[in-house]
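J.: Sharing a structure here in structure tokens format.
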Amino acid sequence: MVGRGPVLTAAPAARRSPLPALTGLRVLAAAWVVLFHYRADLEALAPWTVPADTFMRAGYLGVDLFFPLSGFILAYNYADAMRTFSWGAASSFVRNRFARVWPVHFVALNIDLAMAVAMGTLGIGENGHRRTPAAYGQNVLMVHNWFNDRPSFNGPAWSIASEWFAYLLAPLLFVLVARVVGARTSVLCAALSYAAMLAVFATLALPNGNLEHMFYVRIMGEFVAGMFLCLAWVRGGLALGRLAPLLPVVVLAVALVPALSSGDYWMAPVMGLVVAVVASAGGWVGSWLSTGFMVAAGEASYCLYMTHYLMRPVVTWLREWGDGAWWTAAVSVVAVVLALGAAAWLMHVLVERPARRLLHARAPRPAPEPVPA
């Protein structure tokens, strides 16, 4: 659907207005991953949630929502401002992305290390989970899934190494993608990015669904697609907001059709479209995702993603305590939600916010934006 996005002018660009609905979308993606990891506990405590099992099993797609969302937002804020390569701008960008992800990752890593020492689970664990000195060093450098497809320490943090790879390449990607002026060409490039990713998975994936030593395929296919979808919108071409009423259809499809999310990534392009739809959505979707609560939750969503798996001992204890009567089960479900939320919020307030203030570099001055042809 072609319409009008933000209009570009020849005047020097000020900092673009925020996209609060996309911030709110982040917490939905994080919560979906949480449901994926804790679905068995939830179903044990609340059997009435069992019909939603297919939807919760698809929660790994929350990462496939994060990756294009990341590319979309970064392209929105930086692609035109950094369309000419500058070492100064590139170093500031990388420093700011480091400030965004590393402090929380580092603290979560050491919490996991302390828990592993206390519980005697250092070394190689179930399914090749690595808690070794080498894996620790790789985690510190955020390269822990660049050379090994097995998880290490804080399991969900595998995606942080993938994001870091994309961030390091982003200053070069901005130079390339910003050269694409036409909205339709940008949409085509996004489709080709997803097509290339899916083709590699279809031909080379291992039986467990992974691509050994090819972690970059998933992150780059989705991150770059998100960038192109953003530029298609910013250039004044892609306006999918009117499709927002169809978003519940996507949820129902994932919830009712197991084949759409049976461990493969065929729904990944739909996740990218969801980002593009929400970016330009008005009505109740845009309003709800832009509420103060959703935006605040979205700002803490990274911490929810990074802390929720560390809370497994707490969740396990609450599940066992609540397994007996309906009222204890109900109390346990509420307690799990509160515990996960409290852990995320504490990490956000005590680590993420102050670390970003301390480490954040001054943003590069935006370059004048071109008049669209």
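Letters for chains follow the order of the structure tokens (A, B, ...), residue numbers begin at 1 for each chain, and ligand numbers begin at 1 in the order shown.
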Which polymer residues have any atom within 10 Å of an atom of Leu172 in chain A, counting only C-alpha atoms, with same-chain residues fewer than 2 positions away left out, as a list in words?
T.: Ala79, Met82, Arg83, Thr84, Phe85, Ser86, Ala90, Tyr167, Leu168, Leu169, Ala170, Phe174, Val175, Leu176 and Val177 of chain A
J.: Residues near Ala135 in chain A, anyone? I mean within 9 Å using only C-alpha atoms, not counting same-chain ones fewer than 4 positions away, as a list in words.
T.: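 Returned residues: Arg130, Arg131, Asn139, Val140, His144, Ser152 and Phe153 of chain A.
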J.: So, counting only C-alpha atoms, which residue among A:Asn110, A:Phe93, A:Val285, A:Pro18 is closest to Pro248 in chain A?
T.: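 Result for the nearest residue to Pro248 in chain A: A:Val285.
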J.: Neighbouring residues of Leu198 in chain A were defined as those with any atom within 12 Å, considering only C-alpha atoms; residues of the same chain fewer than 2 positions away were excluded. Please report them as a PyMOL selection string.
T.: chain A and resi 191-196+200-205+209+211+217-222+264-269
J.: Per DSSP on the backbone, what are the helix (DSSP H, G or I) residues of range 140-370 of chain A, as a VMD selection string?
T.: chain A and resid 140 155 to 177 183 to 204 216 to 234 241 to 256 258 to 261 268 to 279 283 to 289 292 to 299 301 to 322 326 to 359
J.: Considering only C-alpha atoms, return as a PyMOL selection string whatever protein or nucleic-acid residues lie within 7 Å of Arg319 in chain A, sequence-local ones (same chain, fewer than 2 positions apart) excluded.
T.: chain A and resi 41+45+315-317+321-323+332
J.: What would the file look like if the residues just selected were written as an mmCIF file, in the first residue's frame with C-alpha atoms?
T.:
```cif
data_model
loop_
_atom_site.group_PDB
_atom_site.id
_atom_site.type_symbol
_atom_site.label_atom_id
_atom_site.label_comp_id
_atom_site.auth_asym_id
_atom_site.auth_seq_id
_atom_site.Cartn_x
_atom_site.Cartn_y
_atom_site.Cartn_z
ATOM 1 C CA ASP A 41 4.995 -23.483 34.079
ATOM 2 C CA LEU A 45 -0.589 -23.428 37.114
ATOM 3 C CA VAL A 315 9.514 -19.381 38.809
ATOM 4 C CA THR A 316 10.131 -23.068 39.519
ATOM 5 C CA TRP A 317 9.662 -22.552 43.260
ATOM 6 C CA TRP A 321 4.262 -23.924 45.710
ATOM 7 C CA GLY A 322 1.160 -23.100 43.714
ATOM 8 C CA ASP A 323 0.551 -26.646 42.491
ATOM 9 C CA SER A 332 1.613 -18.034 41.967
#
```
J.: Just checking: using only C-alpha atoms, which residue out of A:Ala46, A:Gly298, A:Glu126, A:Thr307 ends up closest to Ile111 in chain A?
T.: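 Of all the options, A:Thr307 lies closest to Ile111 in chain A.
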J.: Which neighbours of Leu231 in chain A fall inside 8 Å, counting only C-alpha atoms, when residues of the same chain fewer than 3 positions from it are skipped, and could you give them as a ChimeraX atom specification?
T.: /A:75-76,178,183,186,227-228,234-235
J.: Limited to N, CA, C and O atoms, could you put the picked residues into a file as an mmCIF file, in the first residue's frame?
T.:
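This went into again-v1.cif:
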```cif
data_model
loop_
_atom_site.group_PDB
_atom_site.id
_atom_site.type_symbol
_atom_site.label_atom_id
_atom_site.label_comp_id
_atom_site.auth_asym_id
_atom_site.auth_seq_id
_atom_site.Cartn_x
_atom_site.Cartn_y
_atom_site.Cartn_z
ATOM 1 N N ALA A 75 17.510 2.766 11.319
ATOM 2 C CA ALA A 75 17.462 3.435 10.017
ATOM 3 C C ALA A 75 16.697 4.744 10.113
ATOM 4 O O ALA A 75 17.069 5.752 9.495
ATOM 5 N N TYR A 76 15.638 4.757 10.879
ATOM 6 C CA TYR A 76 14.825 5.963 11.068
ATOM 7 C C TYR A 76 15.663 7.094 11.668
ATOM 8 O O TYR A 76 15.565 8.250 11.254
ATOM 9 N N ALA A 178 20.958 4.048 2.324
ATOM 10 C CA ALA A 178 20.475 5.411 2.119
ATOM 11 C C ALA A 178 20.550 5.823 0.661
ATOM 12 O O ALA A 178 19.912 6.803 0.263
ATOM 13 N N ALA A 183 10.745 4.321 -2.922
ATOM 14 C CA ALA A 183 10.053 3.525 -1.908
ATOM 15 C C ALA A 183 9.818 2.105 -2.390
ATOM 16 O O ALA A 183 9.991 1.143 -1.641
ATOM 17 N N SER A 186 12.902 0.117 -2.190
ATOM 18 C CA SER A 186 13.190 -0.257 -0.806
ATOM 19 C C SER A 186 12.362 -1.466 -0.383
ATOM 20 O O SER A 186 12.868 -2.370 0.291
ATOM 21 N N MET A 227 15.522 -2.157 7.975
ATOM 22 C CA MET A 227 16.047 -0.875 7.497
ATOM 23 C C MET A 227 15.343 -0.441 6.215
ATOM 24 O O MET A 227 14.929 0.724 6.069
ATOM 25 N N PHE A 228 15.210 -1.353 5.278
ATOM 26 C CA PHE A 228 14.581 -1.007 4.005
ATOM 27 C C PHE A 228 13.093 -0.695 4.173
ATOM 28 O O PHE A 228 12.561 0.200 3.501
ATOM 29 N N VAL A 234 9.755 6.258 5.291
ATOM 30 C CA VAL A 234 10.286 7.610 5.430
ATOM 31 C C VAL A 234 10.334 8.336 4.089
ATOM 32 O O VAL A 234 10.094 9.543 4.012
ATOM 33 N N ARG A 235 10.639 7.604 3.038
ATOM 34 C CA ARG A 235 10.727 8.224 1.716
ATOM 35 C C ARG A 235 9.349 8.638 1.183
ATOM 36 O O ARG A 235 9.241 9.224 0.127
#
```
J.: Hey, what's within 9 Å of Leu289 in chain A if we count only C-alpha atoms and toss same-chain stuff fewer than 6 positions away? As a list in words, please?
T.: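 Near Leu289 in chain A, the qualifying residues are Pro20, Ala21, Leu22, Thr23, Gly24, Leu25, Val278 and Val295 of chain A.
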J.: Quick one: pick out all strand (DSSP E) residues within range 107-213 of chain A from a backbone DSSP run and write them as a CSV table (one decimal) with all heavy atoms, in the first residue's frame.
T.:
```
chain,number,residue,atom,x,y,z
A,123,GLY,N,30.7,-25.4,33.4
A,123,GLY,CA,31.2,-26.4,32.4
A,123,GLY,C,30.1,-26.5,31.3
A,123,GLY,O,29.4,-25.6,31.0
A,124,ILE,N,30.1,-27.7,30.6
A,124,ILE,CA,29.2,-27.9,29.5
A,124,ILE,C,28.0,-28.7,30.1
A,124,ILE,O,28.1,-29.7,30.7
A,124,ILE,CB,29.9,-28.8,28.4
A,124,ILE,CG1,31.2,-28.2,27.9
A,124,ILE,CG2,28.9,-29.0,27.3
A,124,ILE,CD1,31.0,-26.8,27.3
A,130,ARG,N,27.0,-23.8,27.4
A,130,ARG,CA,28.4,-23.6,27.8
A,130,ARG,C,28.5,-22.6,28.9
A,130,ARG,O,28.1,-21.4,28.7
A,130,ARG,CB,29.2,-23.1,26.6
A,130,ARG,CG,29.2,-24.1,25.4
A,130,ARG,CD,29.9,-23.5,24.2
A,130,ARG,NE,29.1,-22.4,23.7
A,130,ARG,CZ,29.6,-21.2,23.4
A,130,ARG,NH1,30.9,-21.0,23.5
A,130,ARG,NH2,28.9,-20.2,22.9
A,131,ARG,N,29.1,-23.0,30.0
A,131,ARG,CA,29.5,-22.1,31.1
A,131,ARG,C,30.9,-22.3,31.4
A,131,ARG,O,31.3,-22.9,32.4
A,131,ARG,CB,28.6,-22.3,32.3
A,131,ARG,CG,27.1,-21.7,32.1
A,131,ARG,CD,26.3,-21.8,33.4
A,131,ARG,NE,25.0,-21.2,33.3
A,131,ARG,CZ,23.9,-21.9,33.0
A,131,ARG,NH1,24.0,-23.2,32.8
A,131,ARG,NH2,22.8,-21.3,32.9
```
J.: Between A:Ala361, A:Val94, A:Ala157, A:Ala344, which one has atoms that come closest to Pro171 in chain A, using only C-alpha atoms?
T.: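 Smallest separation from Pro171 in chain A among the options: A:Val94.
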J.: Could you state the separation of CA of Ser287 in chain A and CA of Leu229 in chain A in Å, given to one decimal place?
T.: 21.7 Å
J.: How far is it from CA of Ala281 in chain A to CA of Leu243 in chain A, in Å with one decimal?
T.: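 Computing it gives 7.9 Å between the two atoms.
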J.: Using only C-alpha atoms, pick whichever of A:Ser17, A:Thr291, A:Asn96, A:Thr121 has the shortest atom-to-atom distance to Trp164 in chain A.
T.: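 Result for the nearest residue to Trp164 in chain A: A:Asn96.
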J.: Find the residues around Cys230 in chain A up to 12 Å (only C-alpha atoms counted), leave out those fewer than 4 positions away in its own chain, and share them as a ChimeraX atom specification.
T.: /A:5-6,19,22,68-80,174,177-178,180-181,183-184,186-187,189-190,223-226,234-240,272-280
